[in-house]
file coords-v2.tsv (TSV, C-alpha atoms)
chain	number	residue	atom	x	y	z
O	341	MET	CA	70.45	153.07	-38.90
O	342	SER	CA	70.95	149.45	-39.93
O	343	LEU	CA	69.23	147.67	-42.76
O	344	GLN	CA	67.24	145.64	-40.23
O	345	SER	CA	65.77	148.66	-38.47
O	346	ALA	CA	65.04	150.35	-41.83
O	347	LEU	CA	63.14	147.22	-42.86
O	348	LEU	CA	61.02	147.34	-39.71
O	349	ARG	CA	59.72	150.76	-40.72
O	350	LEU	CA	58.08	149.41	-43.86
O	351	THR	CA	54.39	148.52	-43.80
O	352	LYS	CA	53.94	144.86	-43.01
O	353	GLY	CA	52.77	143.00	-46.12
O	354	GLY	CA	52.97	146.19	-48.21
O	355	PRO	CA	54.23	146.27	-51.82
O	356	GLU	CA	57.74	147.22	-50.66
O	357	GLN	CA	57.96	144.22	-48.37
O	358	GLN	CA	56.54	141.91	-51.04
O	359	ALA	CA	59.19	143.10	-53.50
O	360	ILE	CA	61.89	142.63	-50.87
O	361	ASN	CA	60.71	139.07	-50.24
O	362	ALA	CA	60.88	138.44	-54.01
O	363	GLY	CA	64.51	139.70	-54.03
O	364	GLU	CA	63.66	142.59	-56.36
O	365	ILE	CA	64.93	145.46	-54.20
O	366	ASP	CA	68.45	146.94	-54.21
O	367	ALA	CA	68.18	149.68	-51.61
O	368	ILE	CA	66.00	151.17	-48.94
O	369	VAL	CA	65.78	154.91	-48.27
O	370	ASP	CA	66.55	155.75	-44.67
O	371	TYR	CA	64.53	158.89	-43.90
O	372	SER	CA	65.92	159.29	-40.38
O	373	ASN	CA	69.51	159.75	-41.62
O	374	SER	CA	68.91	161.09	-45.16
O	375	ASN	CA	70.74	158.04	-46.39
O	376	VAL	CA	70.32	155.08	-48.73
O	377	ILE	CA	71.05	151.60	-47.37
O	378	LEU	CA	72.02	148.99	-49.94
O	379	PHE	CA	71.04	145.35	-49.66
O	380	PRO	CA	74.06	143.00	-49.46
O	381	ALA	CA	73.65	141.65	-53.02
O	382	ALA	CA	73.48	145.18	-54.45
O	383	ARG	CA	76.50	146.23	-52.38
O	384	ARG	CA	78.50	143.28	-53.71
O	385	ALA	CA	77.45	144.01	-57.27
O	386	LEU	CA	78.34	147.70	-57.02
O	387	HIS	CA	81.73	146.79	-55.59
O	388	ALA	CA	82.27	144.16	-58.26
O	389	SER	CA	81.57	146.67	-61.01
O	390	GLY	CA	84.66	148.52	-59.73
O	391	SER	CA	86.82	145.51	-60.50
O	392	SER	CA	87.51	145.63	-64.22
O	393	LEU	CA	88.37	141.93	-64.15
O	394	LEU	CA	84.94	140.98	-62.75
O	395	ALA	CA	83.06	143.60	-64.73
O	396	ALA	CA	84.36	142.02	-67.95
O	397	LEU	CA	82.66	138.69	-67.19
O	398	PRO	CA	79.47	137.54	-68.92
O	399	GLY	CA	76.30	137.98	-66.82
O	400	ALA	CA	75.78	134.32	-65.83
O	401	GLU	CA	79.38	133.85	-64.60
O	402	TYR	CA	79.33	137.21	-62.87
O	403	ARG	CA	76.21	136.27	-60.91
O	404	ARG	CA	77.60	132.81	-60.06
O	405	LEU	CA	80.73	134.36	-58.60
O	406	LEU	CA	78.91	137.25	-56.94
O	407	VAL	CA	77.14	134.93	-54.48
O	408	GLY	CA	80.41	134.03	-52.77
O	409	LEU	CA	82.00	137.48	-52.79
O	410	GLU	CA	82.25	139.56	-49.65
O	411	PRO	CA	83.09	143.29	-49.69
O	412	VAL	CA	85.96	144.22	-47.37
O	413	THR	CA	88.00	147.35	-46.71
O	414	LEU	CA	91.74	146.74	-46.71
O	415	LYS	CA	94.12	148.95	-44.77
O	416	LEU	CA	97.60	150.12	-45.72
O	417	GLY	CA	100.21	147.56	-44.64
O	418	GLN	CA	97.69	144.76	-44.10
O	419	VAL	CA	99.23	141.41	-45.05
O	420	LEU	CA	96.83	139.28	-47.12
O	421	HIS	CA	99.08	136.33	-47.95
O	422	GLU	CA	102.38	135.15	-46.52
O	423	PRO	CA	104.90	133.00	-48.41
O	424	ALA	CA	104.31	129.26	-47.93
O	425	ALA	CA	101.15	129.93	-45.88
O	426	PRO	CA	97.86	128.45	-47.13
O	427	ILE	CA	95.67	130.84	-49.11
O	428	ARG	CA	92.38	131.30	-47.25
O	429	TYR	CA	90.89	134.07	-49.36
O	430	ILE	CA	91.24	135.24	-52.95
O	431	TYR	CA	91.01	139.04	-53.29
O	432	PHE	CA	89.71	141.20	-56.13
O	433	PRO	CA	90.88	144.78	-55.48
O	434	VAL	CA	88.35	147.49	-56.27
O	435	GLY	CA	89.80	150.70	-54.86
O	436	CYS	CA	92.89	149.31	-53.12
O	437	VAL	CA	96.31	148.31	-54.46
O	438	VAL	CA	98.17	145.23	-53.30
O	439	CYS	CA	101.92	144.88	-53.57
O	440	LEU	CA	103.37	141.41	-54.12
O	441	MET	CA	106.76	140.95	-52.50
O	442	THR	CA	109.35	138.23	-52.65
O	443	THR	CA	111.05	137.64	-49.33
O	444	VAL	CA	114.69	136.71	-49.00
O	445	ALA	CA	114.87	136.69	-45.22
O	446	ASP	CA	112.33	137.19	-42.46
O	447	GLN	CA	112.46	140.96	-42.70
O	448	LYS	CA	113.93	141.57	-46.16
O	449	ALA	CA	111.60	141.67	-49.12
O	450	VAL	CA	111.30	143.42	-52.46
O	451	GLU	CA	108.38	144.29	-54.72
O	452	VAL	CA	107.74	141.99	-57.67
O	453	GLY	CA	104.27	143.13	-58.69
O	454	LEU	CA	101.33	145.46	-58.09
O	455	VAL	CA	97.69	144.42	-58.34
O	456	GLY	CA	94.74	146.80	-58.57
O	457	HIS	CA	91.23	146.78	-60.01
O	458	GLU	CA	92.48	145.00	-63.13
O	459	GLY	CA	93.50	141.84	-61.31
O	460	MET	CA	93.30	139.32	-58.52
O	461	VAL	CA	95.47	138.49	-55.52
O	462	GLY	CA	96.14	134.76	-55.27
O	463	ILE	CA	96.90	133.81	-58.87
O	464	GLY	CA	98.98	130.83	-57.69
O	465	PHE	CA	95.67	129.29	-56.63
O	466	VAL	CA	94.41	129.39	-60.22
O	467	LEU	CA	97.48	127.38	-61.26
O	468	GLY	CA	96.86	124.76	-58.58
O	469	ALA	CA	99.07	126.03	-55.74
O	470	GLY	CA	97.36	126.01	-52.35
O	471	ALA	CA	99.97	128.23	-50.71
O	472	SER	CA	101.22	131.66	-51.67
O	473	SER	CA	104.70	132.17	-53.09
O	474	VAL	CA	104.77	135.86	-52.24
O	475	ARG	CA	103.86	138.23	-49.44
O	476	ALA	CA	100.80	140.27	-50.47
O	477	VAL	CA	100.72	143.62	-48.67
O	478	VAL	CA	98.14	146.38	-49.11
O	479	ALA	CA	99.97	149.39	-50.62
O	480	ALA	CA	96.92	151.66	-50.89
O	481	SER	CA	93.88	151.35	-48.61
O	482	GLY	CA	90.52	150.78	-50.18
O	483	ALA	CA	87.72	148.38	-51.01
O	484	ALA	CA	88.11	144.85	-52.30
O	485	LEU	CA	86.00	141.76	-52.73
O	486	ARG	CA	87.14	138.49	-51.31
O	487	ILE	CA	86.00	134.92	-51.74
O	488	GLU	CA	86.91	131.87	-49.68
O	489	ALA	CA	89.57	129.88	-51.49
O	490	ALA	CA	87.64	126.61	-51.07
O	491	ARG	CA	84.55	128.15	-52.63
O	492	PHE	CA	86.59	129.70	-55.42
O	493	ARG	CA	88.05	126.27	-56.23
O	494	ILE	CA	84.52	124.93	-56.80
O	495	THR	CA	83.26	127.99	-58.72
O	496	LEU	CA	86.23	128.47	-61.06
O	497	PRO	CA	85.68	125.38	-63.28
O	498	GLN	CA	82.09	126.62	-63.89
O	499	CYS	CA	83.34	129.96	-65.18
O	500	PRO	CA	85.31	129.53	-68.45
O	501	SER	CA	85.46	133.27	-69.18
O	502	LEU	CA	86.85	133.97	-65.71
O	503	GLN	CA	89.46	131.26	-66.28
O	504	GLN	CA	90.49	132.92	-69.54
O	505	GLU	CA	90.65	136.33	-67.87
O	506	LEU	CA	92.77	134.89	-65.06
O	507	TYR	CA	95.18	133.16	-67.44
O	508	ARG	CA	95.60	136.49	-69.22
O	509	HIS	CA	96.11	138.24	-65.88
O	510	THR	CA	98.59	135.56	-64.74
O	511	TYR	CA	100.63	136.14	-67.88
O	512	ALA	CA	100.53	139.91	-67.32
O	513	MET	CA	101.74	139.39	-63.73
O	514	LEU	CA	104.55	137.16	-64.98
O	515	VAL	CA	105.65	139.87	-67.40
O	516	GLN	CA	105.38	142.45	-64.63
O	517	ALA	CA	107.49	140.31	-62.25
O	518	ARG	CA	110.19	139.74	-64.88
O	519	GLN	CA	110.32	143.41	-65.77
O	520	THR	CA	110.35	144.46	-62.11
O	521	ILE	CA	113.27	142.12	-61.36
O	522	ALA	CA	115.25	143.66	-64.23
O	523	CYS	CA	114.24	147.13	-63.08
O	524	ASN	CA	115.33	146.41	-59.49
O	525	CYS	CA	118.73	145.24	-60.79
O	526	PHE	CA	119.59	147.82	-63.42
O	527	HIS	CA	117.70	151.05	-62.86
O	528	LEU	CA	118.35	154.00	-60.60
O	529	SER	CA	116.32	154.37	-57.42
O	530	ASP	CA	114.77	157.63	-58.71
O	531	ALA	CA	113.40	155.84	-61.78
O	532	ARG	CA	112.14	152.93	-59.70
O	533	LEU	CA	110.34	155.18	-57.24
O	534	ALA	CA	108.78	157.18	-60.10
O	535	ARG	CA	107.62	153.95	-61.74
O	536	TRP	CA	106.14	152.67	-58.47
O	537	LEU	CA	104.24	155.92	-57.81
O	538	LEU	CA	102.84	155.99	-61.36
O	539	MET	CA	101.80	152.34	-61.26
O	540	THR	CA	100.08	152.74	-57.89
O	541	SER	CA	98.37	155.92	-59.05
O	542	ASP	CA	97.10	154.13	-62.19
O	543	ARG	CA	95.51	151.49	-60.02
O	544	THR	CA	93.95	153.78	-57.43
O	545	GLN	CA	92.96	156.21	-60.23
O	546	SER	CA	94.07	159.06	-58.00
O	547	GLN	CA	97.04	161.41	-58.02
O	548	GLU	CA	97.17	161.33	-54.23
O	549	LEU	CA	98.71	158.35	-52.47
O	550	PHE	CA	98.47	157.83	-48.75
O	551	LEU	CA	101.62	156.06	-47.60
O	552	THR	CA	104.68	156.74	-45.53
O	553	GLN	CA	108.25	156.97	-46.74
O	554	SER	CA	109.27	154.02	-44.56
O	555	PHE	CA	106.53	151.94	-46.20
O	556	LEU	CA	107.86	152.95	-49.63
O	557	ALA	CA	111.37	152.01	-48.54
O	558	ASP	CA	110.14	148.54	-47.51
O	559	MET	CA	108.32	148.05	-50.83
O	560	LEU	CA	111.31	149.04	-52.95
O	561	GLY	CA	113.98	147.45	-50.80
O	562	LEU	CA	115.65	150.84	-50.20
O	563	ARG	CA	116.69	152.69	-47.07
O	564	ARG	CA	114.25	155.25	-45.73
O	565	VAL	CA	116.84	158.02	-46.04
O	566	THR	CA	117.23	157.18	-49.75
O	567	ILE	CA	113.49	157.61	-50.25
O	568	THR	CA	113.64	161.00	-48.48
O	569	GLU	CA	116.48	162.13	-50.77
O	570	ILE	CA	114.69	161.01	-53.96
O	571	ALA	CA	111.39	162.58	-52.82
O	572	GLY	CA	113.28	165.84	-52.20
O	573	ARG	CA	114.75	165.78	-55.71
O	574	LEU	CA	111.36	165.06	-57.31
O	575	TRP	CA	109.76	167.81	-55.20
O	576	ARG	CA	112.37	170.38	-56.27
O	577	ARG	CA	111.56	169.51	-59.90
O	578	LYS	CA	107.87	170.10	-59.03
O	579	LEU	CA	106.93	166.56	-60.03
O	580	ILE	CA	105.48	165.58	-56.66
O	581	SER	CA	104.62	167.14	-53.34
O	582	CYS	CA	104.57	165.17	-50.13
O	583	GLY	CA	103.93	165.39	-46.44
O	584	ARG	CA	103.68	163.06	-43.50
O	585	GLY	CA	101.83	159.99	-44.82
O	586	TRP	CA	100.95	161.30	-48.28
O	587	ILE	CA	102.43	161.91	-51.73
O	588	ARG	CA	100.72	163.86	-54.51
O	589	ILE	CA	101.72	163.55	-58.16
O	590	LEU	CA	101.84	167.08	-59.58
O	591	ASP	CA	103.28	166.46	-63.03
O	592	ARG	CA	102.49	163.03	-64.47
O	593	SER	CA	104.34	163.43	-67.74
O	594	GLY	CA	107.39	164.79	-65.92
O	595	LEU	CA	107.34	161.84	-63.53
O	596	THR	CA	106.94	159.44	-66.48
O	597	ALA	CA	110.08	160.99	-68.02
O	598	VAL	CA	111.98	160.29	-64.78
O	599	SER	CA	110.71	156.70	-64.58
O	600	CYS	CA	112.34	153.97	-66.61
O	601	ARG	CA	110.79	152.38	-69.69
O	602	CYS	CA	109.70	149.49	-67.48
O	603	TYR	CA	106.66	151.62	-66.56
O	604	SER	CA	105.26	151.75	-70.10
O	605	LYS	CA	106.20	148.11	-70.73
O	606	ILE	CA	104.35	146.87	-67.65
O	607	GLU	CA	101.33	149.13	-68.03
O	608	GLY	CA	100.98	148.20	-71.69
O	609	GLN	CA	100.50	144.64	-70.44
O	610	SER	CA	98.31	144.89	-67.38
O	611	VAL	CA	96.19	148.03	-67.18
O	612	SER	CA	94.00	148.33	-70.21
O	613	ASP	CA	92.48	151.75	-69.47
T	1484	MET	CA	50.79	141.19	-94.07
T	1485	SER	CA	50.67	137.83	-92.37
T	1486	GLY	CA	48.97	137.32	-89.02
T	1487	ARG	CA	47.00	139.78	-87.01
T	1488	GLN	CA	48.71	142.85	-85.69
T	1489	LYS	CA	48.57	143.12	-81.90
T	1490	ILE	CA	47.12	146.44	-80.88
T	1491	PRO	CA	47.76	147.42	-77.29
T	1492	LYS	CA	44.51	147.75	-75.41
T	1493	ALA	CA	44.48	151.33	-74.36
T	1494	GLY	CA	43.17	152.17	-70.94
T	1495	ALA	CA	43.74	155.70	-69.75
T	1496	ALA	CA	46.54	156.40	-72.22
T	1497	ASP	CA	45.93	156.81	-75.93
T	1498	THR	CA	48.37	157.53	-78.72
T	1499	THR	CA	48.28	161.32	-78.28
T	1500	THR	CA	48.94	161.26	-74.53
T	1501	VAL	CA	52.52	161.47	-73.38
T	1502	VAL	CA	53.10	159.17	-70.43
T	1503	VAL	CA	55.49	160.73	-67.93
T	1504	LEU	CA	57.50	158.18	-65.98
T	1505	ARG	CA	60.12	158.40	-63.30
T	1506	LEU	CA	62.25	155.43	-62.29
T	1507	TYR	CA	64.22	155.50	-59.04
T	1508	VAL	CA	67.29	153.26	-59.07
T	1509	ALA	CA	70.36	152.54	-56.94
T	1510	GLY	CA	73.28	153.09	-59.32
T	1511	GLY	CA	74.21	150.01	-61.31
T	1512	ALA	CA	72.82	147.50	-58.80
T	1513	PRO	CA	71.38	144.36	-60.46
T	1514	ASN	CA	67.65	144.95	-59.86
T	1515	SER	CA	68.01	148.59	-60.89
T	1516	LEU	CA	69.67	147.63	-64.18
T	1517	GLN	CA	67.02	145.00	-64.76
T	1518	ALA	CA	64.24	147.52	-64.04
T	1519	ILE	CA	65.69	149.95	-66.61
T	1520	ALA	CA	65.95	147.19	-69.24
T	1521	ASN	CA	62.45	145.87	-68.53
T	1522	LEU	CA	60.90	149.32	-68.61
T	1523	GLU	CA	62.66	150.31	-71.82
T	1524	ALA	CA	61.43	147.11	-73.50
T	1525	ILE	CA	57.85	147.75	-72.35
T	1526	CYS	CA	57.96	151.41	-73.42
T	1527	GLN	CA	59.35	150.49	-76.82
T	1528	GLN	CA	56.67	147.87	-77.38
T	1529	TYR	CA	53.62	149.67	-76.00
T	1530	LEU	CA	54.31	153.41	-75.94
T	1531	GLN	CA	56.52	153.72	-79.02
T	1532	GLY	CA	58.09	157.01	-78.04
T	1533	GLY	CA	54.92	158.49	-76.56
T	1534	HIS	CA	56.52	158.83	-73.17
T	1535	THR	CA	59.22	160.62	-71.21
T	1536	LEU	CA	61.33	158.67	-68.76
T	1537	GLU	CA	63.52	160.17	-66.09
T	1538	VAL	CA	65.88	157.84	-64.23
T	1539	VAL	CA	66.81	159.11	-60.76
T	1540	ASP	CA	69.83	157.55	-59.04
T	1541	VAL	CA	69.03	157.69	-55.32
T	1542	LEU	CA	72.67	156.97	-54.39
T	1543	GLU	CA	73.62	160.27	-56.00
T	1544	ASN	CA	70.51	162.11	-54.92
T	1545	PRO	CA	68.96	160.67	-51.74
T	1546	SER	CA	67.31	163.98	-50.83
T	1547	ARG	CA	65.26	163.88	-54.01
T	1548	ALA	CA	64.10	160.35	-53.24
T	1549	MET	CA	62.97	161.50	-49.83
T	1550	ALA	CA	61.26	164.62	-51.16
T	1551	GLU	CA	59.29	162.43	-53.53
T	1552	GLY	CA	58.37	159.78	-50.94
T	1553	VAL	CA	60.39	156.89	-52.32
T	1554	LEU	CA	60.91	154.06	-49.82
T	1555	VAL	CA	62.83	151.47	-51.82
T	1556	THR	CA	64.54	151.12	-55.20
T	1557	PRO	CA	63.96	150.24	-57.93
T	1558	SER	CA	60.55	151.84	-58.00
T	1559	LEU	CA	58.63	153.29	-60.91
T	1560	ALA	CA	56.24	156.24	-60.71
T	1561	LYS	CA	53.75	157.12	-63.43
T	1562	LEU	CA	53.17	160.84	-62.99
T	1563	SER	CA	50.99	161.59	-65.97
T	1564	PRO	CA	48.31	161.06	-67.17
T	1565	LEU	CA	46.36	160.90	-63.95
T	1566	PRO	CA	45.76	158.90	-61.88
T	1567	THR	CA	49.35	158.47	-60.75
T	1568	ALA	CA	50.56	154.93	-60.10
T	1569	SER	CA	53.66	153.19	-58.90
T	1570	VAL	CA	55.32	149.81	-59.25
T	1571	ILE	CA	57.89	148.51	-56.79
T	1572	GLY	CA	60.58	146.04	-57.84
T	1573	ASN	CA	62.58	145.16	-60.94
T	1574	LEU	CA	59.52	145.42	-63.26
T	1575	SER	CA	59.79	141.81	-64.42
T	1576	ASP	CA	56.03	141.43	-63.88
T	1577	LYS	CA	55.00	142.97	-67.18
T	1578	ALA	CA	51.24	142.79	-66.49
T	1579	LYS	CA	51.70	144.80	-63.30
T	1580	VAL	CA	53.66	147.48	-65.16
T	1581	LEU	CA	51.08	147.66	-67.96
T	1582	LEU	CA	48.32	148.01	-65.39
T	1583	ALA	CA	50.15	150.91	-63.74
T	1584	LEU	CA	50.74	152.55	-67.12
T	1585	GLY	CA	47.04	152.25	-67.92
T	1586	LEU	CA	47.71	149.94	-70.85
T	1587	ALA	CA	45.94	146.84	-69.61
T	1588	PRO	CA	42.30	146.08	-68.77
T	1589	LYS	CA	41.81	147.05	-65.15
T	1590	ASN	CA	39.89	143.89	-64.25
T	1591	ARG	CA	42.66	141.59	-65.55
T	1592	ARG	CA	44.94	140.88	-62.62
T	1593	ARG	CA	42.71	140.66	-59.60
T	1594	PRO	CA	44.25	138.65	-56.78
T	1595	ALA	CA	42.38	135.43	-56.12
call {"tool": "encode", "arguments": {"input": "coords-v2.tsv", "output": "structure tokens"}}
result
Amino acid sequence: MSLQSALLRLTKGGPEQQAINAGEIDAIVDYSNSNVILFPAARRALHASGSSLLAALPGAEYRRLLVGLEPVTLKLGQVLHEPAAPIRYIYFPVGCVVCLMTTVADQKAVEVGLVGHEGMVGIGFVLGAGASSVRAVVAASGAALRIEAARFRITLPQCPSLQQELYRHTYAMLVQARQTIACNCFHLSDARLARWLLMTSDRTQSQELFLTQSFLADMLGLRRVTITEIAGRLWRRKLISCGRGWIRILDRSGLTAVSCRCYSKIEGQSVSD
Amino acid sequence: MSGRQKIPKAGAADTTTVVVLRLYVAGGAPNSLQAIANLEAICQQYLQGGHTLEVVDVLENPSRAMAEGVLVTPSLAKLSPLPTASVIGNLSDKAKVLLALGLAPKNRRRPA
């Protein structure tokens, strides 16, 4: 049942409807489906509380930003930004993870950063760039909040705390990109894959990742067969288990030992929890 | 002591009666959080510990909301002392909450 039809069931002019008209209601109980239907503002706010970047904002700024935010569900492999293309929406991941990739040819690309609930996709926009410099691809499906770039441009100057948070996040992403470049150059594929799995797991806050080996190969700039070999080695050491379209981390500390020190360096910067 | 001390005008509830309240909320949604804050402030000022408050999250427990006849959240139910009363909304209308709690003169907020 939709919110509209649930609303029609309330007594006309009753206290519930008066409170709804005054904007004081968050949810309506749907007796026909044993369900609770949230009003859009409450839904946005509950989503936003999942973004640690937004949840850290003072109340007034949070509410100012909340008006323009729209909850969306992002699917694995969905491309949010393309290099040199104008940025239409800024994304705040809640339950999803977005991989930032630098392209070197039409098809070739390599990971230079991961963004989860701690950050924002479209940081170039904060620094004045209207177009993206990276390809932003969803690496783990889940919820996010998005805001139109034009609206964000107007709202940002009114939110000094958000600006500060975003400068801090931009610096953390810069550190992550630098470290990832060094990691891609110098470290073994096993260590890189372990780092990537741990970082994605930190951001989804789950030990189970739903992605394919060919997707992993694209993210890390490796061949699919290489991913299969590494996954086999990690499985034999009982660090992960995997199947078609999923990978489960079985032994976090063991996987951390396999990963390079880039993992702790990056996570010390960007994920506070 | 300077100034006159404000004594809450007791209606149905007096200092020995424990007021039993139940507040239905939808997780950490804005009106729900505001209702909790408003109610806690009112309870602290007027009931001074002479109450029990149960907060029910209907997102976690929709069946309970239905069993107890809740239509929307936030909504407050005063279960005891009788008569029972309820207030719908974020409880920013303090007079309405006091009336439901039996702490305000009953003839005070008549609609015009």
call {"tool": "interface_residues", "arguments": {"input": "coords-v2.tsv", "of": "chain O", "to": "chain T", "cutoff": "7 Å", "atoms": "all atoms listed in the file", "output": "PyMOL selection string"}}
result
chain O and resi 355-356+359+364-369+371+374-376+382+385-386
call {"tool": "closest_residue", "arguments": {"input": "coords-v2.tsv", "among": "O:Met559, O:Ala396, O:Ile589, O:Ala531", "to": "O:Ser546", "atoms": "only C-alpha atoms"}}
result
O:Ile589
call {"tool": "closest_residue", "arguments": {"input": "coords-v2.tsv", "among": "O:Gly456, O:Pro380, O:Pro411, O:Gly608", "to": "O:Asp542", "atoms": "only C-alpha atoms"}}
result
O:Gly456
call {"tool": "atom_distance", "arguments": {"input": "coords-v2.tsv", "atom1": "atom CA of O:Ala571", "atom2": "atom CA of O:Leu528"}}
result
13.5 Å
call {"tool": "residues_around", "arguments": {"input": "coords-v2.tsv", "residues": "T:Arg1505", "least_positions_apart": "3", "cutoff": "10 Å", "atoms": "only C-alpha atoms", "output": "list of chain:residue names"}}
result
T:Val1508, T:Thr1535, T:Leu1536, T:Glu1537, T:Val1538, T:Val1539, T:Ser1558, T:Leu1559, T:Ala1560, T:Lys1561, T:Leu1562, T:Ser1569
call {"tool": "residues_around", "arguments": {"input": "coords-v2.tsv", "residues": "O:Ser529", "least_positions_apart": "4", "cutoff": "10 Å", "atoms": "all atoms listed in the file", "output": "tab-separated table (two decimals) with C-alpha atoms, in the frame of the given file"}}
result
chain	number	residue	atom	x	y	z
O	523	CYS	CA	114.24	147.13	-63.08
O	524	ASN	CA	115.33	146.41	-59.49
O	533	LEU	CA	110.34	155.18	-57.24
O	534	ALA	CA	108.78	157.18	-60.10
O	535	ARG	CA	107.62	153.95	-61.74
O	560	LEU	CA	111.31	149.04	-52.95
O	561	GLY	CA	113.98	147.45	-50.80
O	562	LEU	CA	115.65	150.84	-50.20
O	566	THR	CA	117.23	157.18	-49.75
O	567	ILE	CA	113.49	157.61	-50.25
O	570	ILE	CA	114.69	161.01	-53.96
O	599	SER	CA	110.71	156.70	-64.58
call {"tool": "atom_distance", "arguments": {"input": "coords-v2.tsv", "atom1": "atom CA of T:Tyr1529", "atom2": "atom CA of T:Lys1579"}}
result
13.7 Å
call {"tool": "residues_around", "arguments": {"input": "coords-v2.tsv", "residues": "stretch 435-444 of chain O", "least_positions_apart": "2", "cutoff": "6 Å", "atoms": "only C-alpha atoms", "output": "list in words"}}
result
Pro433, Lys448, Ala449, Val450, Glu451, Val452, Gly453, Leu454, Val455, Gly456, Val474, Arg475, Ala476, Val477, Val478, Ala479, Ala480, Ser481, Gly482, Ala483 and Thr544 of chain O
call {"tool": "atom_distance", "arguments": {"input": "coords-v2.tsv", "atom1": "atom CA of O:Arg493", "atom2": "atom CA of O:Gln418"}}
result
24.1 Å
call {"tool": "residues_around", "arguments": {"input": "coords-v2.tsv", "residues": "O:Tyr431", "least_positions_apart": "4", "cutoff": "8 Å", "atoms": "only C-alpha atoms", "output": "list of chain:residue names"}}
result
O:Met460, O:Val461, O:Gly462, O:Ala484, O:Leu485, O:Arg486, O:Ile487
call {"tool": "residues_around", "arguments": {"input": "coords-v2.tsv", "residues": "O:Ala425", "least_positions_apart": "2", "cutoff": "6 Å", "atoms": "all atoms listed in the file", "output": "compact mmCIF listing (two decimals) with C-alpha atoms, in the coordinates of the input"}}
result
# COMPACT_ATOMS: atom_id res chain seq x y z
CA GLU O 422 102.38 135.15 -46.52
CA PRO O 423 104.90 133.00 -48.41
CA ALA O 471 99.97 128.23 -50.71
call {"tool": "closest_residue", "arguments": {"input": "coords-v2.tsv", "among": "O:Leu393, O:Ala445, O:Leu343, O:Ile606", "to": "O:Leu514", "atoms": "all atoms listed in the file"}}
result
O:Ile606
call {"tool": "closest_residue", "arguments": {"input": "coords-v2.tsv", "among": "O:Arg564, O:Arg577, O:Gln504, O:Cys602", "to": "O:Leu397", "atoms": "only C-alpha atoms"}}
result
O:Gln504
